[in-house]
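Data from my_file18.cif: mmCIF, C-alpha atoms and all ligand atoms
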data_data
loop_
_atom_site.label_atom_id
_atom_site.label_comp_id
_atom_site.auth_asym_id
_atom_site.auth_seq_id
_atom_site.Cartn_x
_atom_site.Cartn_y
_atom_site.Cartn_z
CA MET A 1 -47.01 59.03 -28.64
CA LYS A 2 -49.50 58.28 -25.87
CA LEU A 3 -49.32 59.63 -22.34
CA PHE A 4 -51.34 57.79 -19.70
CA GLU A 5 -51.99 60.41 -17.07
CA PHE A 6 -54.19 61.63 -14.24
CA ALA A 7 -54.12 65.41 -14.03
CA PRO A 8 -53.01 66.22 -10.47
CA THR A 9 -50.28 63.58 -10.18
CA ARG A 10 -46.66 62.83 -11.12
CA SER A 11 -47.83 62.65 -14.74
CA ILE A 12 -47.53 66.46 -14.58
CA ARG A 13 -43.75 65.99 -14.99
CA VAL A 14 -44.21 64.22 -18.31
CA ARG A 15 -46.95 66.51 -19.63
CA TRP A 16 -44.72 69.47 -18.77
CA THR A 17 -41.81 68.00 -20.73
CA LEU A 18 -43.99 67.17 -23.74
CA GLN A 19 -45.50 70.64 -23.75
CA GLU A 20 -42.09 72.33 -23.52
CA LEU A 21 -40.83 70.13 -26.36
CA GLY A 22 -43.86 71.07 -28.43
CA VAL A 23 -44.41 67.41 -29.33
CA ASP A 24 -47.84 66.11 -30.40
CA PHE A 25 -49.16 63.45 -28.09
CA GLU A 26 -52.37 61.70 -27.25
CA ALA A 27 -53.40 62.08 -23.62
CA VAL A 28 -55.21 59.10 -22.10
CA THR A 29 -56.77 59.77 -18.72
CA VAL A 30 -56.49 56.92 -16.24
CA ASN A 31 -58.89 57.91 -13.49
CA LEU A 32 -57.19 56.88 -10.26
CA ALA A 33 -60.19 57.95 -8.21
CA ALA A 34 -62.32 55.48 -10.18
CA GLY A 35 -59.71 52.71 -9.86
CA GLU A 36 -58.97 52.58 -13.59
CA HIS A 37 -55.28 51.98 -12.87
CA ARG A 38 -56.17 48.56 -11.47
CA GLN A 39 -58.18 47.47 -14.51
CA PRO A 40 -56.66 44.86 -16.87
CA ALA A 41 -56.55 47.34 -19.77
CA PHE A 42 -54.12 49.60 -17.90
CA LEU A 43 -52.24 46.80 -16.11
CA ARG A 44 -51.23 45.56 -19.56
CA VAL A 45 -49.46 48.93 -20.03
CA ASN A 46 -47.99 49.14 -16.52
CA PRO A 47 -48.22 45.99 -14.40
CA ALA A 48 -47.40 48.18 -11.38
CA GLY A 49 -50.73 49.95 -11.87
CA LYS A 50 -49.16 53.38 -11.61
CA ILE A 51 -49.09 56.43 -13.79
CA PRO A 52 -47.55 58.06 -15.72
CA ALA A 53 -46.79 55.70 -18.58
CA LEU A 54 -45.64 56.64 -22.05
CA VAL A 55 -46.12 54.54 -25.17
CA ASP A 56 -43.97 55.55 -28.13
CA GLY A 57 -44.19 53.01 -30.94
CA ASP A 58 -42.96 49.73 -29.47
CA LEU A 59 -41.54 51.39 -26.39
CA VAL A 60 -43.61 51.27 -23.22
CA LEU A 61 -41.97 53.34 -20.51
CA THR A 62 -42.95 53.94 -16.92
CA GLU A 63 -41.34 55.97 -14.10
CA SER A 64 -41.78 59.70 -14.53
CA VAL A 65 -38.07 60.51 -14.26
CA ALA A 66 -37.07 57.84 -16.81
CA ILE A 67 -39.74 59.17 -19.17
CA VAL A 68 -38.62 62.81 -19.03
CA LEU A 69 -34.98 61.75 -19.58
CA TYR A 70 -36.03 59.64 -22.57
CA LEU A 71 -37.99 62.53 -24.08
CA ALA A 72 -35.14 64.99 -23.60
CA ASP A 73 -32.71 62.53 -25.21
CA LYS A 74 -35.10 61.86 -28.08
CA TYR A 75 -35.27 65.56 -28.99
CA PRO A 76 -31.69 66.77 -28.34
CA GLU A 77 -32.22 69.86 -30.50
CA LYS A 78 -34.59 71.21 -27.82
CA ARG A 79 -31.71 71.21 -25.33
CA LEU A 80 -33.62 70.10 -22.27
CA LEU A 81 -30.51 68.23 -21.11
CA PRO A 82 -26.90 69.41 -21.13
CA ALA A 83 -24.43 67.59 -23.37
CA GLY A 84 -21.36 67.38 -21.11
CA VAL A 85 -20.72 64.31 -18.96
CA GLU A 86 -20.21 66.34 -15.78
CA GLN A 87 -23.37 68.36 -16.26
CA ARG A 88 -25.31 65.17 -16.99
CA ALA A 89 -23.94 63.67 -13.77
CA GLN A 90 -25.20 66.71 -11.86
CA ILE A 91 -28.62 66.36 -13.50
CA ASN A 92 -28.75 62.72 -12.39
CA ARG A 93 -27.65 63.68 -8.92
CA TRP A 94 -30.45 66.24 -8.50
CA LEU A 95 -33.08 64.03 -10.13
CA LEU A 96 -32.22 61.28 -7.66
CA PHE A 97 -32.12 63.79 -4.80
CA THR A 98 -35.57 65.01 -5.81
CA ALA A 99 -37.03 61.50 -6.02
CA THR A 100 -35.40 59.99 -2.95
CA GLU A 101 -34.90 62.89 -0.52
CA LEU A 102 -37.78 65.23 -1.37
CA GLU A 103 -40.52 63.17 -3.00
CA GLN A 104 -40.14 60.15 -0.73
CA PRO A 105 -41.15 61.99 2.48
CA LEU A 106 -43.94 63.79 0.56
CA TRP A 107 -45.27 60.43 -0.62
CA ARG A 108 -45.28 59.14 2.96
CA ILE A 109 -47.19 62.24 4.08
CA THR A 110 -49.78 61.80 1.32
CA ARG A 111 -50.23 58.10 2.04
CA HIS A 112 -50.58 58.54 5.79
CA THR A 113 -52.94 61.51 5.56
CA ASN A 114 -55.09 60.64 2.52
CA LEU A 115 -54.46 57.40 0.70
CA TYR A 116 -54.22 54.65 3.30
CA PRO A 117 -57.35 53.55 5.13
CA VAL A 118 -57.54 55.40 8.44
CA SER A 119 -56.61 52.24 10.39
CA LYS A 120 -53.26 52.00 8.57
CA ARG A 121 -52.23 55.65 8.89
CA LEU A 122 -49.24 56.46 11.10
CA PRO A 123 -49.36 60.08 12.31
CA GLY A 124 -45.86 59.64 13.77
CA ASP A 125 -44.47 58.92 10.33
CA VAL A 126 -46.08 62.09 8.97
CA ALA A 127 -44.21 64.11 11.61
CA LEU A 128 -40.92 62.34 10.77
CA ALA A 129 -41.43 62.80 7.04
CA ARG A 130 -42.06 66.51 7.53
CA GLU A 131 -38.78 66.83 9.45
CA GLU A 132 -36.88 64.85 6.82
CA PHE A 133 -38.29 66.90 3.95
CA THR A 134 -37.43 70.14 5.72
CA ALA A 135 -33.82 69.09 6.31
CA MET A 136 -33.33 68.17 2.64
CA ALA A 137 -35.16 71.26 1.38
CA GLY A 138 -32.55 73.22 3.33
CA VAL A 139 -29.82 71.54 1.28
CA LEU A 140 -31.64 72.39 -1.94
CA ASP A 141 -32.23 75.96 -0.76
CA ALA A 142 -28.49 76.45 -0.24
CA HIS A 143 -27.75 74.99 -3.69
CA MET A 144 -30.31 77.27 -5.37
CA ASP A 145 -28.87 80.43 -3.84
CA GLY A 146 -28.15 82.79 -6.76
CA ARG A 147 -29.33 80.28 -9.36
CA GLN A 148 -32.17 80.58 -11.82
CA PHE A 149 -32.18 76.90 -12.77
CA LEU A 150 -31.24 73.72 -10.93
CA ILE A 151 -28.19 73.03 -13.11
CA GLY A 152 -26.39 75.44 -15.43
CA ASN A 153 -27.89 78.54 -17.03
CA THR A 154 -30.76 77.04 -19.00
CA VAL A 155 -33.86 75.08 -18.14
CA THR A 156 -33.62 71.26 -18.07
CA VAL A 157 -36.07 68.46 -17.42
CA ALA A 158 -34.71 68.34 -13.87
CA ASP A 159 -36.35 71.74 -13.32
CA PHE A 160 -39.76 70.35 -14.37
CA VAL A 161 -39.39 67.37 -12.05
CA LEU A 162 -38.27 69.58 -9.17
CA ALA A 163 -40.85 72.34 -9.65
CA TYR A 164 -43.70 69.80 -9.63
CA THR A 165 -42.24 68.23 -6.46
CA LEU A 166 -42.00 71.63 -4.78
CA ASP A 167 -45.62 72.35 -5.74
CA TRP A 168 -46.50 69.08 -3.98
CA ALA A 169 -44.57 70.30 -0.91
CA ASN A 170 -46.45 73.58 -1.15
CA GLU A 171 -49.74 71.64 -1.03
CA VAL A 172 -48.78 70.28 2.40
CA GLN A 173 -47.44 73.64 3.67
CA LEU A 174 -43.81 72.56 3.61
CA LEU A 175 -42.49 75.38 1.43
CA ASP A 176 -43.49 78.21 3.76
CA ALA A 177 -40.06 78.10 5.41
CA PHE A 178 -38.29 78.46 2.05
CA PRO A 179 -39.44 81.61 0.20
CA PRO A 180 -36.63 81.32 -2.43
CA LEU A 181 -37.78 77.80 -3.33
CA GLN A 182 -41.37 79.03 -3.51
CA ASP A 183 -40.25 81.83 -5.86
CA TYR A 184 -38.30 79.39 -8.05
CA MET A 185 -41.31 77.03 -8.25
CA GLU A 186 -43.67 79.89 -9.17
CA ARG A 187 -41.20 81.18 -11.78
CA MET A 188 -41.10 77.74 -13.36
CA TYR A 189 -44.89 77.48 -13.42
CA ALA A 190 -45.05 80.95 -15.02
CA ARG A 191 -43.38 79.53 -18.14
CA PRO A 192 -45.78 79.75 -21.09
CA ARG A 193 -45.91 75.98 -21.63
CA ALA A 194 -46.09 74.97 -17.97
CA PRO A 195 -48.87 72.57 -16.95
CA LEU A 196 -51.55 73.22 -14.35
CA ARG A 197 -50.52 73.53 -10.73
CA ILE A 198 -51.66 70.60 -8.57
CA ALA A 199 -54.38 72.60 -6.80
CA GLU A 200 -55.84 73.79 -10.09
CA ALA A 201 -55.82 70.28 -11.53
CA PHE A 202 -57.75 69.04 -8.48
CA ALA A 203 -60.18 71.98 -8.71
CA ARG A 204 -60.92 71.16 -12.37
CA LEU A 205 -61.51 67.51 -11.49
CA ARG A 206 -63.97 68.50 -8.79
CA ALA A 207 -65.74 70.87 -11.19
CA GLY A 208 -66.06 67.97 -13.66
N1 LIG B 301 -41.99 56.30 -9.10
C1 LIG B 301 -43.18 56.38 -9.91
C2 LIG B 301 -44.37 56.60 -9.00
C3 LIG B 301 -45.67 56.51 -9.77
C4 LIG B 301 -46.85 56.66 -8.82
O1 LIG B 301 -46.84 56.24 -7.64
N2 LIG B 301 -47.91 57.26 -9.35
C5 LIG B 301 -49.11 57.44 -8.56
C6 LIG B 301 -49.81 58.73 -8.96
S1 LIG B 301 -48.77 60.11 -8.62
C7 LIG B 301 -50.05 56.29 -8.83
O2 LIG B 301 -50.23 55.90 -9.98
N3 LIG B 301 -50.64 55.73 -7.78
C8 LIG B 301 -51.57 54.68 -7.90
C9 LIG B 301 -51.32 53.64 -6.85
O3 LIG B 301 -50.24 53.67 -6.22
O4 LIG B 301 -52.19 52.78 -6.67
C10 LIG B 301 -43.03 57.54 -10.93
O5 LIG B 301 -42.35 58.52 -10.63
O6 LIG B 301 -43.58 57.44 -12.05
#

Target format structure tokens, applied to this file:
Amino acid sequence: MKLFEFAPTRSIRVRWTLQELGVDFEAVTVNLAAGEHRQPAFLRVNPAGKIPALVDGDLVLTESVAIVLYLADKYPEKRLLPAGVEQRAQINRWLLFTATELEQPLWRITRHTNLYPVSKRLPGDVALAREEFTAMAGVLDAHMDGRQFLIGNTVTVADFVLAYTLDWANEVQLLDAFPPLQDYMERMYARPRAPLRIAEAFARLRAG
């Protein structure tokens, strides 16, 4: 199995899942800062030019959430997904909530503060995205009250996806208003097989 990754990015979700599963994999760094994701060699793997991507035999899979679900389904004995239909529906609900209600405003913030050329950045959208994230984090905060994990009483891949997303929010000072979510995220990253936090992954890149 090959994971195409770049350390401080959404590929963290997949690395986390692979590490928790204890599966052997080959890590292939696609250096986004050097533009390697736009080179023909990588575009043959993912024509969208985005990471992560997973290659498992003949299967080439992109989209971080699809990849973690595939991995959890491939190794059911590791129980990173619940078996029941209702619990699975709740997992899907919270994965979609994480991607569309939490990650989407974070992505807009990152694009309009760092990624787009200065002439294309919209400071007004950053302010709106911060408000939208905060409203939805409030919904999550209420759901997490009294819970150790996002769904049920054991860890699932949805926790890895969410914890990474909350670390991203933490990077842009959006978790300060939600100490319980901060605690949950730190608890998840304290797991023995957790990956690097985003800040540490960036620090290692800078250090070479
Ligand atoms: N929805 C995709 C998003 C993938 C994505 O945007 N990855 C970023 C890194 S976190 C990327 O490769 N960006 C390169 C670009 O957009 O040019 C997923 O979850 O896998």

* Contacts of segment 35-50 of chain A within 9 Å, all atoms listed in the file, excl. fewer than 2 positions in-chain, as a PyMOL selection string -> chain A and resi 4+30-33+52-55+60-63

* With a distance cut-off of 6 Å and all atoms listed in the file, select the neighbouring residues of segment 101-116 of chain A, excluding the residue or stretch itself and same-chain residues fewer than 5 positions from it, and output the selection as number ranges by chain. => A: 121-122, 126, 129, 133

Emit the selected residues as a PDB file, in the coordinates of the input, including C-alpha atoms.
ATOM      1  CA  ARG A 121     -52.230  55.650   8.890  1.00  0.00           C
ATOM      2  CA  LEU A 122     -49.240  56.460  11.100  1.00  0.00           C
ATOM      3  CA  VAL A 126     -46.080  62.090   8.970  1.00  0.00           C
ATOM      4  CA  ALA A 129     -41.430  62.800   7.040  1.00  0.00           C
ATOM      5  CA  PHE A 133     -38.290  66.900   3.950  1.00  0.00           C
TER       6      PHE A 133
END

* Structure fact -> In Å and to one decimal, atom CA of Leu150 of chain A is distant from atom CA of Tyr184 of chain A by 9.5 Å

* **Selected residue of minimal separation from ligand LIG 301 (chain B) among A:Ser64, A:Thr134, A:Thr98, A:Gln90, counting all atoms listed in the file** => A:Ser64

Excluding segment 158-170 of chain A and its own-chain neighbours fewer than 3 positions away, which residues fall within 6 Å of it when counting only C-alpha atoms? Please give them as an mmCIF file with C-alpha atoms, in the coordinates of the input.
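File written: part25.cif
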data_model
loop_
_atom_site.group_PDB
_atom_site.id
_atom_site.type_symbol
_atom_site.label_atom_id
_atom_site.label_comp_id
_atom_site.auth_asym_id
_atom_site.auth_seq_id
_atom_site.Cartn_x
_atom_site.Cartn_y
_atom_site.Cartn_z
ATOM 1 C CA ARG A 13 -43.750 65.990 -14.990
ATOM 2 C CA LEU A 95 -33.080 64.030 -10.130
ATOM 3 C CA LEU A 150 -31.240 73.720 -10.930
ATOM 4 C CA GLN A 173 -47.440 73.640 3.670
ATOM 5 C CA LEU A 174 -43.810 72.560 3.610
ATOM 6 C CA LEU A 175 -42.490 75.380 1.430
ATOM 7 C CA MET A 185 -41.310 77.030 -8.250
#

Enumerate, in order of chain and increasing residue number, the residues of segment 88-202 of chain A with an atom no farther than 8 Å from segment 15-19 of chain A, each with its shortest atom pair and distance in Å to one decimal, counting all atoms listed in the file, as JSON lines.
{"residue": "A:Val157", "atom": "CA", "partner": "A:Thr17", "partner_atom": "CA", "distance": 6.6}
{"residue": "A:Phe160", "atom": "CA", "partner": "A:Trp16", "partner_atom": "CA", "distance": 6.7}
{"residue": "A:Arg193", "atom": "CA", "partner": "A:Gln19", "partner_atom": "CA", "distance": 5.8}
{"residue": "A:Ala194", "atom": "CA", "partner": "A:Trp16", "partner_atom": "CA", "distance": 5.7}
{"residue": "A:Pro195", "atom": "CA", "partner": "A:Trp16", "partner_atom": "CA", "distance": 5.5}

* Which value, in Å to one decimal, gives the distance between atom CA of Gly208 of chain A and atom CA of Thr9 of chain A? ->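 Distance reported for this atom pair: 16.7 Å.
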
* Using all atoms listed in the file, pick whichever of A:Gln87, A:Thr100, A:Ser119, A:Asn153 has the shortest atom-to-atom distance to ligand LIG 301 (chain B). =>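 The closest residue to ligand LIG 301 (chain B) is A:Thr100.
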
* To do: Excluding Leu80 of chain A and any residue of its chain fewer than 2 positions from it, enumerate the residues within 8 Å of it, using only C-alpha atoms, and give them as a list in words.
  => Ala72, Pro76, Lys78, Pro82, Val155, Thr156 and Val157 of chain A

* Structure fact -> Judged by all atoms listed in the file, the minimum distance to ligand LIG 301 (chain B) among A:Gly22, A:Phe178, A:Ala203, A:Ile198 is found for A:Ile198

* Hey, can you check how far atom S1 of ligand LIG 301 (chain B) sits from atom CA of Ile51 of chain A? -> 6.4 Å
